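Here is the structure we will look at.
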Amino acid sequence: MKGVDDAFLGVGDKPGLDIWCIVGSSLAPLAKSQHGKFYARNCYIILNTAELKTGVRRHDVHYWVGEEAKEEDCLMASDKAVELDAALGSNTVQHRETQGEESDKFLSYFRPCIIPVHSHSPSHMEGSRNKSSQTTMFSCEGEHVARVTEVVFSRSSLDHKGVFIVDTASKIFVFSGCNSSVQTRAKALDVVRHLKENRHSGRCEIAAIEDGKLVGDSDAGEFWNLFGGYAPIPRDLLEAVSMNMPLEKLFWINKRTLVPMEAHLLDREILNSDRSYILDCSTEIFLWMGMTTLVSERKTSVTALEDYVHSQGRSSAVRTVIMTEGHETDDFKLHFQHWPKIVEMKLYDAGREKVAGLMPNHYAAIFKHHGYDVTEIPEHEPQQLISCNGSLKVWLVDCGCTTLLSTEEQEKLYTGDCYIVQYSYVEDGKDYHLFFAWYGKNSIKEDSVATASLMSSLANSVKGHPVVAQVFDGREPELFFSIFKSLIIFKGGRSAAYKNHVVQKSDRNGCHQKDEVALFHVQALRHDCVQAIQVDLVATSLNSSHCYILQDHSSFFIWLGSLSSPSDHNMLDRMMNKLCPFKQSLLVREGSEPDDFWKVLGGRSEYSKEKRVKGWPADRHLYACRFEQGLLKVKEVFSFCQDDLATEETLVLDCNNEIYVWVGLHSDVTSKEQALNIGKMFLQDGILHDRRSIETTVYIITEGDEPAFFTDFFKWDSSKQSSMVGNSFERKLALLKGLSPKLETPDRSMRRPSLRRPGVSSETSTPEHQQQRPTAARRAFGSASAGRFARERSPAAAPTASPSTPSPRSRSSSSTSTPTAVARQLFPASLHASEAVHALSNSTSRRR
């Protein structure tokens, strides 16, 4: 390939890392054993290849610049990154990484950390860095990735906000500043483990030193003797925080000259495909290159970017991201108005008559004939997401109270109502309880507001491992349908609030009435799971990919779409027996409908004849959530794994069609309702560039109660599901020292709070301490039998079931200083929730 280094030919075919070092005027590939070892006087090209769920490979190119690297090596690294992008079809995203200021994405490739080495070249490393007699001191930052920097071995290098590691010949000390976070301390222990295994062959002692603790601590005395004795550490200087939001600056590159562009509101249309642009956002600088620009022009643009960064004096702190048109990052798109959404290719059946009645795998030849890549059409193979041998209960929410439905009625839901669905099952010898709050699309606000609170009360009352979820009519996940053997969703409602609404409006809104007219869309999830959903009684409701049952008083038509699945055909008789037992039906195939069929639908009309194919599963993203000044802030956790689920945190696993809010036992979330609010804020407050629907399904998962349909997203190790006492730092330290872990009392249903301020490790809890705490000051968040401790609340705190309940459709733009207050302003409290909880508890006691 012209203008591309031969070292890049054929790379990027397999997932994983490829790394090259700049040596003179050439590239030297690094062996896998050398990955993660970066030398301060060198520059490197790093290619990370990831295979997406669609089978497409995504490439990220990073060029790493050592703090002692020569300027010519830096320029060569940027040029080679452009060449690598060209070799991969100009569809990569390029990142400039400066030593000590690497991005979290880059650091996530090298678990647990990278430790830059001060040496002339890689060949000088062996023998010089493995001397265990050498005492080395490191600063460790970061809560989800470890940012390790070697610092001068001196007392003056210590401060109160950081975590420091001192590696000596026989012992590794980890010093935690009093203002450091628990997550950073825990991440530093991962680095300590790495040093112990790689520098000491697993044979050395570990000592943890806490800032300010001296009395009776021999390890602390030994630590301070390394510095010639104890002396107080100066108070941390307050960093000036600018409250002014940085203005965006946009330039287009004319050769190597930057031409400012006047634009108060950036729009996608101002970016021309034959030009390159620099967007300066203060902490991040983006270089966007049009798709028709040449490789030589792109190298010039990257050089202009380097010149601009150096001229601003921000080369060490600023992050630069380079991308080609069509492969922009989400962060870049967020700075522009009206960025067009990606439109996926749809498969239209041009030869529908030819394929009627054929099995799905016979469609391939026709699609291929029309130019589609049939290898990208996924087959629908429903997964066994959950045990099918569980028990089901369904409650109707009515005026703040719940009514348990009979076995026959629990398989009939109405769009004007809200329901609580409980599915209990056994998995791996454990009792799990899955709760759904289902909101009908025509439900009344009074019922929808009370539903979440009532569901939380029910979940808190069961023994086992509870999981709660919020589901909306028309956007149900497969998991919801799978717990019903058969399910019919009718129009109309049974609750008093809905009936009153109908009377006041004098509008039945298509309510279903027995022996009248109705149209049902029938779909099969598995051979034993089928649903019928009432749709509008018009021809436009039909779709060639589906099957339908049309009721005309006492007569019935079964309509088979020409592209419908045989699995749906096989379930039609079963659904007919549910809808109208002992009734005869007329089978109608698409294209041969009698006039009476169209007459019931109000006449013929155009409807969709598109072949609907189940899309590929979305790639997952994990985000850490926290509140700052009353606003929800999220930060992506890259290359995530089970170890990233830290007990102090609340994280959101985004799977596109559904999200999972995972709540650690030591997090600041105080109830399942607040966790649901966090999920809603995540969906609606512009955190996601695609502004996903607020009606996306939200699951709440508590640490220790993770079901298989959640753990399947990780390479899950059940042995890491520890019931150890303490925060993540205390747990890791106990394991690292080889101590016997202290376990929580198995018969406790509450979990104890940390009484110390955030960022300071809590004392080890004991059963004696717990008995001294009043029961009224505790709250149950997770399982009632998992042995968890509750965080304490003030004496004036509300009962377990909070009267504040979220409304699924209301929101507020105001914000306050606490997470709970923010959630309550976004989702106003119900006037009936407290009465509902009281009624629920009474009804529960009567059933017992």
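Quick note on naming: the chains in the structure tokens go A, B, ... in the order shown, residues restart at 1 in each chain, and ligands are numbered from 1 in order of appearance.
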
(request) Using DSSP on the backbone coordinates, identify the residues of stretch 451-534 of chain A assigned to strand (DSSP E or B); present them as an MDAnalysis selection string. (result) chainID A and resid 465:472 486:490 517:526 529:534

Atoms kept (N, CA, C and O atoms) for selection, written as a compact mmCIF listing (two decimals), in the first residue's frame:
```txt
# COMPACT_ATOMS: atom_id res chain seq x y z
N HIS A 465 -32.74 -13.92 47.07
CA HIS A 465 -31.99 -12.94 46.30
C HIS A 465 -32.96 -12.18 45.39
O HIS A 465 -33.33 -12.67 44.33
N PRO A 466 -33.38 -10.98 45.79
CA PRO A 466 -34.35 -10.23 44.98
C PRO A 466 -33.68 -9.36 43.92
O PRO A 466 -32.64 -8.77 44.14
N VAL A 467 -34.32 -9.30 42.77
CA VAL A 467 -33.93 -8.39 41.69
C VAL A 467 -35.20 -7.68 41.25
O VAL A 467 -36.24 -8.32 41.07
N VAL A 468 -35.14 -6.35 41.11
CA VAL A 468 -36.31 -5.60 40.66
C VAL A 468 -36.04 -4.99 39.30
O VAL A 468 -34.89 -4.71 38.94
N ALA A 469 -37.11 -4.80 38.54
CA ALA A 469 -36.97 -4.24 37.20
C ALA A 469 -38.21 -3.43 36.87
O ALA A 469 -39.30 -3.67 37.40
N GLN A 470 -38.04 -2.47 36.00
CA GLN A 470 -39.11 -1.59 35.55
C GLN A 470 -39.30 -1.79 34.06
O GLN A 470 -38.36 -1.63 33.28
N VAL A 471 -40.53 -2.16 33.66
CA VAL A 471 -40.81 -2.53 32.28
C VAL A 471 -42.02 -1.75 31.79
O VAL A 471 -42.99 -1.56 32.53
N PHE A 472 -41.96 -1.32 30.54
CA PHE A 472 -43.04 -0.52 29.97
C PHE A 472 -43.72 -1.27 28.83
O PHE A 472 -43.07 -1.97 28.04
N SER A 486 -47.98 -18.26 28.73
CA SER A 486 -48.76 -17.55 27.72
C SER A 486 -49.21 -16.24 28.33
O SER A 486 -49.46 -16.15 29.53
N LEU A 487 -49.31 -15.21 27.51
CA LEU A 487 -49.66 -13.89 28.00
C LEU A 487 -50.51 -13.17 26.95
O LEU A 487 -50.16 -13.19 25.76
N ILE A 488 -51.59 -12.56 27.41
CA ILE A 488 -52.44 -11.77 26.54
C ILE A 488 -52.49 -10.34 27.09
O ILE A 488 -52.77 -10.14 28.28
N ILE A 489 -52.20 -9.37 26.25
CA ILE A 489 -52.26 -7.96 26.65
C ILE A 489 -53.44 -7.32 25.93
O ILE A 489 -53.44 -7.17 24.70
N PHE A 490 -54.46 -6.97 26.72
CA PHE A 490 -55.69 -6.38 26.17
C PHE A 490 -55.63 -4.86 26.28
O PHE A 490 -54.93 -4.30 27.13
N VAL A 517 -65.22 -7.00 18.49
CA VAL A 517 -64.21 -7.08 17.42
C VAL A 517 -62.86 -6.67 17.99
O VAL A 517 -62.77 -5.73 18.79
N ALA A 518 -61.81 -7.38 17.59
CA ALA A 518 -60.46 -7.08 18.09
C ALA A 518 -59.44 -7.74 17.19
O ALA A 518 -59.71 -8.76 16.54
N LEU A 519 -58.24 -7.17 17.15
CA LEU A 519 -57.13 -7.71 16.37
C LEU A 519 -55.96 -7.96 17.32
O LEU A 519 -55.58 -7.06 18.09
N PHE A 520 -55.38 -9.17 17.28
CA PHE A 520 -54.28 -9.55 18.16
C PHE A 520 -53.05 -9.97 17.34
O PHE A 520 -53.17 -10.78 16.41
N HIS A 521 -51.93 -9.41 17.67
CA HIS A 521 -50.65 -9.84 17.10
C HIS A 521 -50.12 -10.98 17.95
O HIS A 521 -49.98 -10.85 19.17
N VAL A 522 -49.82 -12.13 17.34
CA VAL A 522 -49.37 -13.32 18.06
C VAL A 522 -47.90 -13.56 17.76
O VAL A 522 -47.46 -13.52 16.59
N GLN A 523 -47.12 -13.82 18.81
CA GLN A 523 -45.70 -14.10 18.63
C GLN A 523 -45.28 -15.18 19.61
O GLN A 523 -45.77 -15.25 20.73
N ALA A 524 -44.35 -16.04 19.18
CA ALA A 524 -43.84 -17.12 20.01
C ALA A 524 -42.39 -16.83 20.36
O ALA A 524 -41.58 -16.52 19.49
N LEU A 525 -42.08 -16.90 21.65
CA LEU A 525 -40.70 -16.73 22.09
C LEU A 525 -39.96 -18.05 22.06
O LEU A 525 -38.82 -18.14 21.62
N ARG A 526 -40.64 -19.09 22.55
CA ARG A 526 -40.10 -20.45 22.51
C ARG A 526 -41.26 -21.39 22.19
O ARG A 526 -42.39 -20.95 21.99
N CYS A 529 -43.81 -20.79 24.98
CA CYS A 529 -44.02 -19.41 25.44
C CYS A 529 -44.59 -18.59 24.28
O CYS A 529 -43.93 -18.42 23.25
N VAL A 530 -45.82 -18.09 24.45
CA VAL A 530 -46.49 -17.37 23.37
C VAL A 530 -47.21 -16.17 23.94
O VAL A 530 -47.68 -16.18 25.08
N GLN A 531 -47.31 -15.09 23.14
CA GLN A 531 -48.01 -13.87 23.56
C GLN A 531 -48.98 -13.43 22.47
O GLN A 531 -48.72 -13.62 21.28
N ALA A 532 -50.08 -12.84 22.92
CA ALA A 532 -51.02 -12.19 22.00
C ALA A 532 -51.23 -10.77 22.51
O ALA A 532 -51.59 -10.57 23.68
N ILE A 533 -51.00 -9.79 21.65
CA ILE A 533 -51.06 -8.38 22.04
C ILE A 533 -52.11 -7.69 21.18
O ILE A 533 -52.00 -7.69 19.94
N GLN A 534 -53.11 -7.11 21.82
CA GLN A 534 -54.15 -6.43 21.07
C GLN A 534 -53.60 -5.15 20.44
O GLN A 534 -52.94 -4.35 21.11
```

(message) Could you tell me how far atom CA of A:Gly290 sits from atom CA of A:Ser311, in Å to one decimal place?
(response) 24.4 Å

(request) Provide the atom CA of A:Ile558 to atom CA of A:Leu586 distance in Å, to one decimal place. (result) 6.0 Å
